[in-house]
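Undergrad: Below is work17.pdb; it holds PDB, N, CA and C atoms, pLDDT in the B column.
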ATOM      1  N   MET D 155      -3.521  30.512   6.075  1.00 45.00           N
ATOM      2  CA  MET D 155      -3.115  30.415   4.696  1.00 45.00           C
ATOM      3  C   MET D 155      -3.723  29.146   4.092  1.00 45.00           C
ATOM      4  N   LEU D 156      -4.397  29.293   2.996  1.00 61.00           N
ATOM      5  CA  LEU D 156      -5.007  28.169   2.311  1.00 61.00           C
ATOM      6  C   LEU D 156      -4.069  27.632   1.248  1.00 61.00           C
ATOM      7  N   LEU D 157      -4.030  26.324   1.157  1.00 75.00           N
ATOM      8  CA  LEU D 157      -3.242  25.691   0.109  1.00 75.00           C
ATOM      9  C   LEU D 157      -4.067  25.577  -1.157  1.00 75.00           C
ATOM     10  N   LYS D 158      -3.483  25.928  -2.247  1.00 83.00           N
ATOM     11  CA  LYS D 158      -4.129  25.751  -3.542  1.00 83.00           C
ATOM     12  C   LYS D 158      -3.476  24.551  -4.220  1.00 83.00           C
ATOM     13  N   LEU D 159      -4.224  23.474  -4.320  1.00 82.00           N
ATOM     14  CA  LEU D 159      -3.701  22.252  -4.915  1.00 82.00           C
ATOM     15  C   LEU D 159      -4.287  22.078  -6.311  1.00 82.00           C
ATOM     16  N   THR D 160      -3.478  21.532  -7.189  1.00 87.00           N
ATOM     17  CA  THR D 160      -3.962  21.217  -8.525  1.00 87.00           C
ATOM     18  C   THR D 160      -4.823  19.956  -8.460  1.00 87.00           C
ATOM     19  N   ASP D 161      -5.562  19.711  -9.522  1.00 88.00           N
ATOM     20  CA  ASP D 161      -6.396  18.503  -9.565  1.00 88.00           C
ATOM     21  C   ASP D 161      -5.562  17.239  -9.432  1.00 88.00           C
ATOM     22  N   GLY D 162      -4.388  17.237 -10.039  1.00 90.00           N
ATOM     23  CA  GLY D 162      -3.492  16.080  -9.939  1.00 90.00           C
ATOM     24  C   GLY D 162      -3.019  15.847  -8.516  1.00 90.00           C
ATOM     25  N   GLN D 163      -2.708  16.923  -7.801  1.00 89.00           N
ATOM     26  CA  GLN D 163      -2.268  16.799  -6.415  1.00 89.00           C
ATOM     27  C   GLN D 163      -3.400  16.289  -5.522  1.00 89.00           C
ATOM     28  N   ILE D 164      -4.597  16.777  -5.752  1.00 88.00           N
ATOM     29  CA  ILE D 164      -5.754  16.314  -4.985  1.00 88.00           C
ATOM     30  C   ILE D 164      -6.002  14.830  -5.252  1.00 88.00           C
ATOM     31  N   GLN D 165      -5.872  14.425  -6.504  1.00 91.00           N
ATOM     32  CA  GLN D 165      -6.046  13.015  -6.863  1.00 91.00           C
ATOM     33  C   GLN D 165      -5.010  12.153  -6.149  1.00 91.00           C
ATOM     34  N   LYS D 166      -3.770  12.616  -6.101  1.00 94.00           N
ATOM     35  CA  LYS D 166      -2.709  11.854  -5.420  1.00 94.00           C
ATOM     36  C   LYS D 166      -2.988  11.734  -3.926  1.00 94.00           C
ATOM     37  N   LEU D 167      -3.453  12.808  -3.294  1.00 91.00           N
ATOM     38  CA  LEU D 167      -3.785  12.749  -1.872  1.00 91.00           C
ATOM     39  C   LEU D 167      -4.898  11.734  -1.621  1.00 91.00           C
ATOM     40  N   ALA D 168      -5.896  11.720  -2.491  1.00 93.00           N
ATOM     41  CA  ALA D 168      -6.979  10.755  -2.357  1.00 93.00           C
ATOM     42  C   ALA D 168      -6.457   9.331  -2.551  1.00 93.00           C
ATOM     43  N   ASP D 169      -5.563   9.141  -3.506  1.00 94.00           N
ATOM     44  CA  ASP D 169      -4.970   7.816  -3.738  1.00 94.00           C
ATOM     45  C   ASP D 169      -4.169   7.354  -2.525  1.00 94.00           C
ATOM     46  N   ILE D 170      -3.423   8.263  -1.919  1.00 94.00           N
ATOM     47  CA  ILE D 170      -2.625   7.916  -0.736  1.00 94.00           C
ATOM     48  C   ILE D 170      -3.541   7.471   0.400  1.00 94.00           C
ATOM     49  N   ALA D 171      -4.623   8.213   0.649  1.00 93.00           N
ATOM     50  CA  ALA D 171      -5.557   7.840   1.712  1.00 93.00           C
ATOM     51  C   ALA D 171      -6.193   6.484   1.421  1.00 93.00           C
ATOM     52  N   SER D 172      -6.597   6.259   0.188  1.00 94.00           N
ATOM     53  CA  SER D 172      -7.213   4.993  -0.188  1.00 94.00           C
ATOM     54  C   SER D 172      -6.234   3.832  -0.052  1.00 94.00           C
ATOM     55  N   ASP D 173      -5.017   4.032  -0.530  1.00 94.00           N
ATOM     56  CA  ASP D 173      -4.007   2.972  -0.448  1.00 94.00           C
ATOM     57  C   ASP D 173      -3.624   2.669   0.997  1.00 94.00           C
ATOM     58  N   THR D 174      -3.575   3.695   1.838  1.00 93.00           N
ATOM     59  CA  THR D 174      -3.274   3.478   3.251  1.00 93.00           C
ATOM     60  C   THR D 174      -4.393   2.662   3.895  1.00 93.00           C
ATOM     61  N   GLY D 175      -5.623   2.887   3.468  1.00 91.00           N
ATOM     62  CA  GLY D 175      -6.733   2.070   3.952  1.00 91.00           C
ATOM     63  C   GLY D 175      -6.578   0.612   3.556  1.00 91.00           C
ATOM     64  N   LEU D 176      -6.129   0.370   2.336  1.00 91.00           N
ATOM     65  CA  LEU D 176      -5.884  -1.009   1.898  1.00 91.00           C
ATOM     66  C   LEU D 176      -4.766  -1.668   2.704  1.00 91.00           C
ATOM     67  N   VAL D 177      -3.728  -0.897   3.017  1.00 92.00           N
ATOM     68  CA  VAL D 177      -2.632  -1.425   3.834  1.00 92.00           C
ATOM     69  C   VAL D 177      -3.142  -1.771   5.230  1.00 92.00           C
ATOM     70  N   ALA D 178      -3.983  -0.915   5.794  1.00 87.00           N
ATOM     71  CA  ALA D 178      -4.560  -1.198   7.114  1.00 87.00           C
ATOM     72  C   ALA D 178      -5.397  -2.476   7.066  1.00 87.00           C
ATOM     73  N   LEU D 179      -6.156  -2.622   6.010  1.00 87.00           N
ATOM     74  CA  LEU D 179      -6.972  -3.831   5.865  1.00 87.00           C
ATOM     75  C   LEU D 179      -6.088  -5.070   5.754  1.00 87.00           C
ATOM     76  N   GLY D 180      -5.053  -4.983   4.929  1.00 88.00           N
ATOM     77  CA  GLY D 180      -4.193  -6.142   4.697  1.00 88.00           C
ATOM     78  C   GLY D 180      -3.249  -6.469   5.837  1.00 88.00           C
ATOM     79  N   SER D 181      -2.833  -5.469   6.589  1.00 88.00           N
ATOM     80  CA  SER D 181      -1.831  -5.730   7.620  1.00 88.00           C
ATOM     81  C   SER D 181      -2.412  -5.862   9.023  1.00 88.00           C
ATOM     82  N   VAL D 182      -3.609  -5.365   9.233  1.00 85.00           N
ATOM     83  CA  VAL D 182      -4.210  -5.438  10.569  1.00 85.00           C
ATOM     84  C   VAL D 182      -5.374  -6.415  10.599  1.00 85.00           C
ATOM     85  N   VAL D 183      -6.302  -6.254   9.683  1.00 82.00           N
ATOM     86  CA  VAL D 183      -7.541  -7.031   9.749  1.00 82.00           C
ATOM     87  C   VAL D 183      -7.321  -8.471   9.325  1.00 82.00           C
ATOM     88  N   LEU D 184      -6.730  -8.688   8.157  1.00 83.00           N
ATOM     89  CA  LEU D 184      -6.599 -10.058   7.661  1.00 83.00           C
ATOM     90  C   LEU D 184      -5.750 -10.959   8.563  1.00 83.00           C
ATOM     91  N   PRO D 185      -4.592 -10.516   9.061  1.00 85.00           N
ATOM     92  CA  PRO D 185      -3.866 -11.387   9.997  1.00 85.00           C
ATOM     93  C   PRO D 185      -4.662 -11.675  11.276  1.00 85.00           C
ATOM     94  N   ALA D 186      -5.436 -10.686  11.731  1.00 80.00           N
ATOM     95  CA  ALA D 186      -6.242 -10.901  12.939  1.00 80.00           C
ATOM     96  C   ALA D 186      -7.352 -11.913  12.687  1.00 80.00           C
ATOM     97  N   VAL D 187      -7.801 -12.018  11.466  1.00 77.00           N
ATOM     98  CA  VAL D 187      -8.852 -12.982  11.135  1.00 77.00           C
ATOM     99  C   VAL D 187      -8.268 -14.384  10.965  1.00 77.00           C
ATOM    100  N   PHE D 188      -7.157 -14.488  10.253  1.00 82.00           N
ATOM    101  CA  PHE D 188      -6.622 -15.807   9.915  1.00 82.00           C
ATOM    102  C   PHE D 188      -5.699 -16.397  10.974  1.00 82.00           C
ATOM    103  N   ASP D 189      -4.980 -15.573  11.708  1.00 80.00           N
ATOM    104  CA  ASP D 189      -4.055 -16.077  12.716  1.00 80.00           C
ATOM    105  C   ASP D 189      -4.843 -16.550  13.934  1.00 80.00           C
ATOM    106  N   HIS D 190      -5.419 -15.643  14.631  1.00 82.00           N
ATOM    107  CA  HIS D 190      -6.360 -15.966  15.692  1.00 82.00           C
ATOM    108  C   HIS D 190      -7.315 -14.787  15.798  1.00 82.00           C
ATOM    109  N   ILE D 191      -8.557 -15.083  16.073  1.00 81.00           N
ATOM    110  CA  ILE D 191      -9.597 -14.059  16.064  1.00 81.00           C
ATOM    111  C   ILE D 191      -9.376 -13.098  17.227  1.00 81.00           C
ATOM    112  N   ASP D 192      -9.091 -11.843  16.885  1.00 80.00           N
ATOM    113  CA  ASP D 192      -8.938 -10.787  17.873  1.00 80.00           C
ATOM    114  C   ASP D 192      -9.927  -9.691  17.491  1.00 80.00           C
ATOM    115  N   ILE D 193     -11.061  -9.702  18.152  1.00 86.00           N
ATOM    116  CA  ILE D 193     -12.158  -8.800  17.796  1.00 86.00           C
ATOM    117  C   ILE D 193     -11.721  -7.338  17.878  1.00 86.00           C
ATOM    118  N   MET D 194     -10.922  -6.974  18.852  1.00 88.00           N
ATOM    119  CA  MET D 194     -10.495  -5.580  19.010  1.00 88.00           C
ATOM    120  C   MET D 194      -9.651  -5.134  17.815  1.00 88.00           C
ATOM    121  N   ARG D 195      -8.692  -5.953  17.400  1.00 84.00           N
ATOM    122  CA  ARG D 195      -7.855  -5.602  16.249  1.00 84.00           C
ATOM    123  C   ARG D 195      -8.670  -5.555  14.961  1.00 84.00           C
ATOM    124  N   ILE D 196      -9.583  -6.481  14.797  1.00 84.00           N
ATOM    125  CA  ILE D 196     -10.427  -6.498  13.607  1.00 84.00           C
ATOM    126  C   ILE D 196     -11.288  -5.245  13.563  1.00 84.00           C
ATOM    127  N   THR D 197     -11.899  -4.895  14.679  1.00 89.00           N
ATOM    128  CA  THR D 197     -12.752  -3.711  14.743  1.00 89.00           C
ATOM    129  C   THR D 197     -11.954  -2.449  14.472  1.00 89.00           C
ATOM    130  N   LEU D 198     -10.815  -2.290  15.136  1.00 89.00           N
ATOM    131  CA  LEU D 198      -9.993  -1.096  14.928  1.00 89.00           C
ATOM    132  C   LEU D 198      -9.460  -1.025  13.498  1.00 89.00           C
ATOM    133  N   GLY D 199      -9.102  -2.164  12.946  1.00 87.00           N
ATOM    134  CA  GLY D 199      -8.630  -2.197  11.560  1.00 87.00           C
ATOM    135  C   GLY D 199      -9.705  -1.787  10.576  1.00 87.00           C
ATOM    136  N   PHE D 200     -10.925  -2.294  10.785  1.00 90.00           N
ATOM    137  CA  PHE D 200     -12.022  -1.910   9.907  1.00 90.00           C
ATOM    138  C   PHE D 200     -12.362  -0.428  10.057  1.00 90.00           C
ATOM    139  N   ILE D 201     -12.336   0.071  11.283  1.00 92.00           N
ATOM    140  CA  ILE D 201     -12.616   1.496  11.496  1.00 92.00           C
ATOM    141  C   ILE D 201     -11.570   2.348  10.802  1.00 92.00           C
ATOM    142  N   ALA D 202     -10.299   1.992  10.949  1.00 92.00           N
ATOM    143  CA  ALA D 202      -9.229   2.750  10.289  1.00 92.00           C
ATOM    144  C   ALA D 202      -9.388   2.699   8.775  1.00 92.00           C
ATOM    145  N   THR D 203      -9.689   1.525   8.252  1.00 91.00           N
ATOM    146  CA  THR D 203      -9.862   1.367   6.806  1.00 91.00           C
ATOM    147  C   THR D 203     -11.021   2.208   6.291  1.00 91.00           C
ATOM    148  N   ILE D 204     -12.149   2.129   6.950  1.00 94.00           N
ATOM    149  CA  ILE D 204     -13.326   2.883   6.510  1.00 94.00           C
ATOM    150  C   ILE D 204     -13.081   4.382   6.613  1.00 94.00           C
ATOM    151  N   LEU D 205     -12.450   4.830   7.702  1.00 94.00           N
ATOM    152  CA  LEU D 205     -12.165   6.262   7.841  1.00 94.00           C
ATOM    153  C   LEU D 205     -11.228   6.755   6.745  1.00 94.00           C
ATOM    154  N   LEU D 206     -10.229   5.963   6.418  1.00 93.00           N
ATOM    155  CA  LEU D 206      -9.310   6.372   5.355  1.00 93.00           C
ATOM    156  C   LEU D 206      -9.992   6.387   3.992  1.00 93.00           C
ATOM    157  N   TRP D 207     -10.851   5.422   3.724  1.00 93.00           N
ATOM    158  CA  TRP D 207     -11.581   5.422   2.457  1.00 93.00           C
ATOM    159  C   TRP D 207     -12.540   6.609   2.384  1.00 93.00           C
ATOM    160  N   LEU D 208     -13.210   6.928   3.493  1.00 93.00           N
ATOM    161  CA  LEU D 208     -14.099   8.082   3.510  1.00 93.00           C
ATOM    162  C   LEU D 208     -13.317   9.386   3.331  1.00 93.00           C
ATOM    163  N   THR D 209     -12.121   9.425   3.905  1.00 93.00           N
ATOM    164  CA  THR D 209     -11.249  10.592   3.713  1.00 93.00           C
ATOM    165  C   THR D 209     -10.904  10.742   2.241  1.00 93.00           C
ATOM    166  N   SER D 210     -10.596   9.650   1.589  1.00 93.00           N
ATOM    167  CA  SER D 210     -10.284   9.682   0.166  1.00 93.00           C
ATOM    168  C   SER D 210     -11.461  10.217  -0.642  1.00 93.00           C
ATOM    169  N   ILE D 211     -12.649   9.757  -0.333  1.00 92.00           N
ATOM    170  CA  ILE D 211     -13.850  10.231  -1.043  1.00 92.00           C
ATOM    171  C   ILE D 211     -14.071  11.713  -0.779  1.00 92.00           C
ATOM    172  N   ARG D 212     -13.886  12.120   0.458  1.00 92.00           N
ATOM    173  CA  ARG D 212     -14.076  13.542   0.793  1.00 92.00           C
ATOM    174  C   ARG D 212     -13.072  14.424   0.082  1.00 92.00           C
ATOM    175  N   ILE D 213     -11.838  13.973  -0.025  1.00 88.00           N
ATOM    176  CA  ILE D 213     -10.818  14.752  -0.745  1.00 88.00           C
ATOM    177  C   ILE D 213     -11.227  14.902  -2.203  1.00 88.00           C
ATOM    178  N   LEU D 214     -11.688  13.808  -2.800  1.00 88.00           N
ATOM    179  CA  LEU D 214     -12.108  13.872  -4.206  1.00 88.00           C
ATOM    180  C   LEU D 214     -13.316  14.772  -4.402  1.00 88.00           C
ATOM    181  N   LYS D 215     -14.244  14.755  -3.455  1.00 89.00           N
ATOM    182  CA  LYS D 215     -15.420  15.614  -3.570  1.00 89.00           C
ATOM    183  C   LYS D 215     -15.050  17.090  -3.427  1.00 89.00           C
ATOM    184  N   SER D 216     -14.000  17.381  -2.665  1.00 82.00           N
ATOM    185  CA  SER D 216     -13.589  18.777  -2.489  1.00 82.00           C
ATOM    186  C   SER D 216     -12.994  19.349  -3.772  1.00 82.00           C
ATOM    187  N   LYS D 217     -12.634  18.463  -4.684  1.00 71.00           N
ATOM    188  CA  LYS D 217     -12.044  18.891  -5.960  1.00 71.00           C
ATOM    189  C   LYS D 217     -13.077  19.615  -6.820  1.00 71.00           C
ATOM    190  N   THR D 218     -14.346  19.280  -6.643  1.00 63.00           N
ATOM    191  CA  THR D 218     -15.373  19.876  -7.500  1.00 63.00           C
ATOM    192  C   THR D 218     -15.889  21.178  -6.950  1.00 63.00           C
TER     193      THR D 218
END
Please express what this file holds, its structure, as structure tokens.
TA:
Amino acid sequence: MLLKLTDGQIQKLADIASDTGLVALGSVVLPAVFDHIDIMRITLGFIATILLWLTSIRILKSKT
């Protein structure tokens, strides 16, 4: 069964993915940089952030 989402719903899903990426950046990456350098946490945080931002872009592109 396919979901039929309105443009507004698709926009909200993209916003949620983008905002979650910002939260990952702010809560994982920045403390790892300023508190003490933890390369693993910084790398995983950046990967999570980039994947969520790319997900947001992909959701928006599916709207067209």
Undergrad: Once DSSP has gone over the backbone, tell me which residues of chain D are in alpha helix (DSSP H), as a PyMOL selection string.
TA: chain D and resi 161-178+184-188+193-216
Undergrad: Write the residues you've just listed into a file as a short mmCIF file (atom, residue, chain, number, x, y, z; two decimals), keeping the file's coordinate frame, and include N, CA and C atoms for each of them.
TA:
data_model
loop_
_atom_site.label_atom_id
_atom_site.label_comp_id
_atom_site.auth_asym_id
_atom_site.auth_seq_id
_atom_site.Cartn_x
_atom_site.Cartn_y
_atom_site.Cartn_z
N ASP D 161 -5.56 19.71 -9.52
CA ASP D 161 -6.40 18.50 -9.56
C ASP D 161 -5.56 17.24 -9.43
N GLY D 162 -4.39 17.24 -10.04
CA GLY D 162 -3.49 16.08 -9.94
C GLY D 162 -3.02 15.85 -8.52
N GLN D 163 -2.71 16.92 -7.80
CA GLN D 163 -2.27 16.80 -6.42
C GLN D 163 -3.40 16.29 -5.52
N ILE D 164 -4.60 16.78 -5.75
CA ILE D 164 -5.75 16.31 -4.99
C ILE D 164 -6.00 14.83 -5.25
N GLN D 165 -5.87 14.42 -6.50
CA GLN D 165 -6.05 13.02 -6.86
C GLN D 165 -5.01 12.15 -6.15
N LYS D 166 -3.77 12.62 -6.10
CA LYS D 166 -2.71 11.85 -5.42
C LYS D 166 -2.99 11.73 -3.93
N LEU D 167 -3.45 12.81 -3.29
CA LEU D 167 -3.78 12.75 -1.87
C LEU D 167 -4.90 11.73 -1.62
N ALA D 168 -5.90 11.72 -2.49
CA ALA D 168 -6.98 10.76 -2.36
C ALA D 168 -6.46 9.33 -2.55
N ASP D 169 -5.56 9.14 -3.51
CA ASP D 169 -4.97 7.82 -3.74
C ASP D 169 -4.17 7.35 -2.52
N ILE D 170 -3.42 8.26 -1.92
CA ILE D 170 -2.62 7.92 -0.74
C ILE D 170 -3.54 7.47 0.40
N ALA D 171 -4.62 8.21 0.65
CA ALA D 171 -5.56 7.84 1.71
C ALA D 171 -6.19 6.48 1.42
N SER D 172 -6.60 6.26 0.19
CA SER D 172 -7.21 4.99 -0.19
C SER D 172 -6.23 3.83 -0.05
N ASP D 173 -5.02 4.03 -0.53
CA ASP D 173 -4.01 2.97 -0.45
C ASP D 173 -3.62 2.67 1.00
N THR D 174 -3.58 3.70 1.84
CA THR D 174 -3.27 3.48 3.25
C THR D 174 -4.39 2.66 3.90
N GLY D 175 -5.62 2.89 3.47
CA GLY D 175 -6.73 2.07 3.95
C GLY D 175 -6.58 0.61 3.56
N LEU D 176 -6.13 0.37 2.34
CA LEU D 176 -5.88 -1.01 1.90
C LEU D 176 -4.77 -1.67 2.70
N VAL D 177 -3.73 -0.90 3.02
CA VAL D 177 -2.63 -1.42 3.83
C VAL D 177 -3.14 -1.77 5.23
N ALA D 178 -3.98 -0.92 5.79
CA ALA D 178 -4.56 -1.20 7.11
C ALA D 178 -5.40 -2.48 7.07
N LEU D 184 -6.73 -8.69 8.16
CA LEU D 184 -6.60 -10.06 7.66
C LEU D 184 -5.75 -10.96 8.56
N PRO D 185 -4.59 -10.52 9.06
CA PRO D 185 -3.87 -11.39 10.00
C PRO D 185 -4.66 -11.68 11.28
N ALA D 186 -5.44 -10.69 11.73
CA ALA D 186 -6.24 -10.90 12.94
C ALA D 186 -7.35 -11.91 12.69
N VAL D 187 -7.80 -12.02 11.47
CA VAL D 187 -8.85 -12.98 11.14
C VAL D 187 -8.27 -14.38 10.96
N PHE D 188 -7.16 -14.49 10.25
CA PHE D 188 -6.62 -15.81 9.91
C PHE D 188 -5.70 -16.40 10.97
N ILE D 193 -11.06 -9.70 18.15
CA ILE D 193 -12.16 -8.80 17.80
C ILE D 193 -11.72 -7.34 17.88
N MET D 194 -10.92 -6.97 18.85
CA MET D 194 -10.50 -5.58 19.01
C MET D 194 -9.65 -5.13 17.82
N ARG D 195 -8.69 -5.95 17.40
CA ARG D 195 -7.86 -5.60 16.25
C ARG D 195 -8.67 -5.56 14.96
N ILE D 196 -9.58 -6.48 14.80
CA ILE D 196 -10.43 -6.50 13.61
C ILE D 196 -11.29 -5.24 13.56
N THR D 197 -11.90 -4.89 14.68
CA THR D 197 -12.75 -3.71 14.74
C THR D 197 -11.95 -2.45 14.47
N LEU D 198 -10.82 -2.29 15.14
CA LEU D 198 -9.99 -1.10 14.93
C LEU D 198 -9.46 -1.02 13.50
N GLY D 199 -9.10 -2.16 12.95
CA GLY D 199 -8.63 -2.20 11.56
C GLY D 199 -9.70 -1.79 10.58
N PHE D 200 -10.92 -2.29 10.78
CA PHE D 200 -12.02 -1.91 9.91
C PHE D 200 -12.36 -0.43 10.06
N ILE D 201 -12.34 0.07 11.28
CA ILE D 201 -12.62 1.50 11.50
C ILE D 201 -11.57 2.35 10.80
N ALA D 202 -10.30 1.99 10.95
CA ALA D 202 -9.23 2.75 10.29
C ALA D 202 -9.39 2.70 8.78
N THR D 203 -9.69 1.52 8.25
CA THR D 203 -9.86 1.37 6.81
C THR D 203 -11.02 2.21 6.29
N ILE D 204 -12.15 2.13 6.95
CA ILE D 204 -13.33 2.88 6.51
C ILE D 204 -13.08 4.38 6.61
N LEU D 205 -12.45 4.83 7.70
CA LEU D 205 -12.16 6.26 7.84
C LEU D 205 -11.23 6.76 6.74
N LEU D 206 -10.23 5.96 6.42
CA LEU D 206 -9.31 6.37 5.36
C LEU D 206 -9.99 6.39 3.99
N TRP D 207 -10.85 5.42 3.72
CA TRP D 207 -11.58 5.42 2.46
C TRP D 207 -12.54 6.61 2.38
N LEU D 208 -13.21 6.93 3.49
CA LEU D 208 -14.10 8.08 3.51
C LEU D 208 -13.32 9.39 3.33
N THR D 209 -12.12 9.43 3.90
CA THR D 209 -11.25 10.59 3.71
C THR D 209 -10.90 10.74 2.24
N SER D 210 -10.60 9.65 1.59
CA SER D 210 -10.28 9.68 0.17
C SER D 210 -11.46 10.22 -0.64
N ILE D 211 -12.65 9.76 -0.33
CA ILE D 211 -13.85 10.23 -1.04
C ILE D 211 -14.07 11.71 -0.78
N ARG D 212 -13.89 12.12 0.46
CA ARG D 212 -14.08 13.54 0.79
C ARG D 212 -13.07 14.42 0.08
N ILE D 213 -11.84 13.97 -0.02
CA ILE D 213 -10.82 14.75 -0.74
C ILE D 213 -11.23 14.90 -2.20
N LEU D 214 -11.69 13.81 -2.80
CA LEU D 214 -12.11 13.87 -4.21
C LEU D 214 -13.32 14.77 -4.40
N LYS D 215 -14.24 14.76 -3.46
CA LYS D 215 -15.42 15.61 -3.57
C LYS D 215 -15.05 17.09 -3.43
N SER D 216 -14.00 17.38 -2.66
CA SER D 216 -13.59 18.78 -2.49
C SER D 216 -12.99 19.35 -3.77
#
Undergrad: With the file shown as input, list the residues that the PyMOL selection byres ((chain D and resi 171) around 8) selects, as a list in words.
TA: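 This file, filtered by the PyMOL selection byres ((chain D and resi 171) around 8), leaves Gln165, Lys166, Leu167, Ala168, Asp169, Ile170, Ser172, Asp173, Thr174, Gly175, Leu176, Val177, Leu205, Leu206, Trp207, Leu208, Thr209, Ser210 and Ile211 of chain D.
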Undergrad: Calculated over only N, CA and C atoms, which of the candidates D:Leu198, D:Ile164, D:Leu157, D:Ala186 has the smallest distance to Leu214 (chain D)?
TA: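 Closest candidate: D:Ile164.
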Undergrad: Taking 4 positions as the minimum chain separation for residues in the same chain, which residues sit within 7 Å of Ala178 (chain D) when counting only C-alpha atoms? Answer as a ChimeraX atom specification.
TA: /D:174,182,199,202-203
Undergrad: Between atom N of Lys217 (chain D) and atom N of Asp161 (chain D), what is the spacing in Å?
TA: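 That distance, rounded to one decimal, is 8.7 Å.
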Undergrad: Please, what distance in Å, to one decimal, runs between atom C of Ile196 (chain D) and atom C of Lys215 (chain D)?
TA: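 Separating atom C of Ile196 (chain D) from atom C of Lys215 (chain D) is a distance of 28.3 Å.
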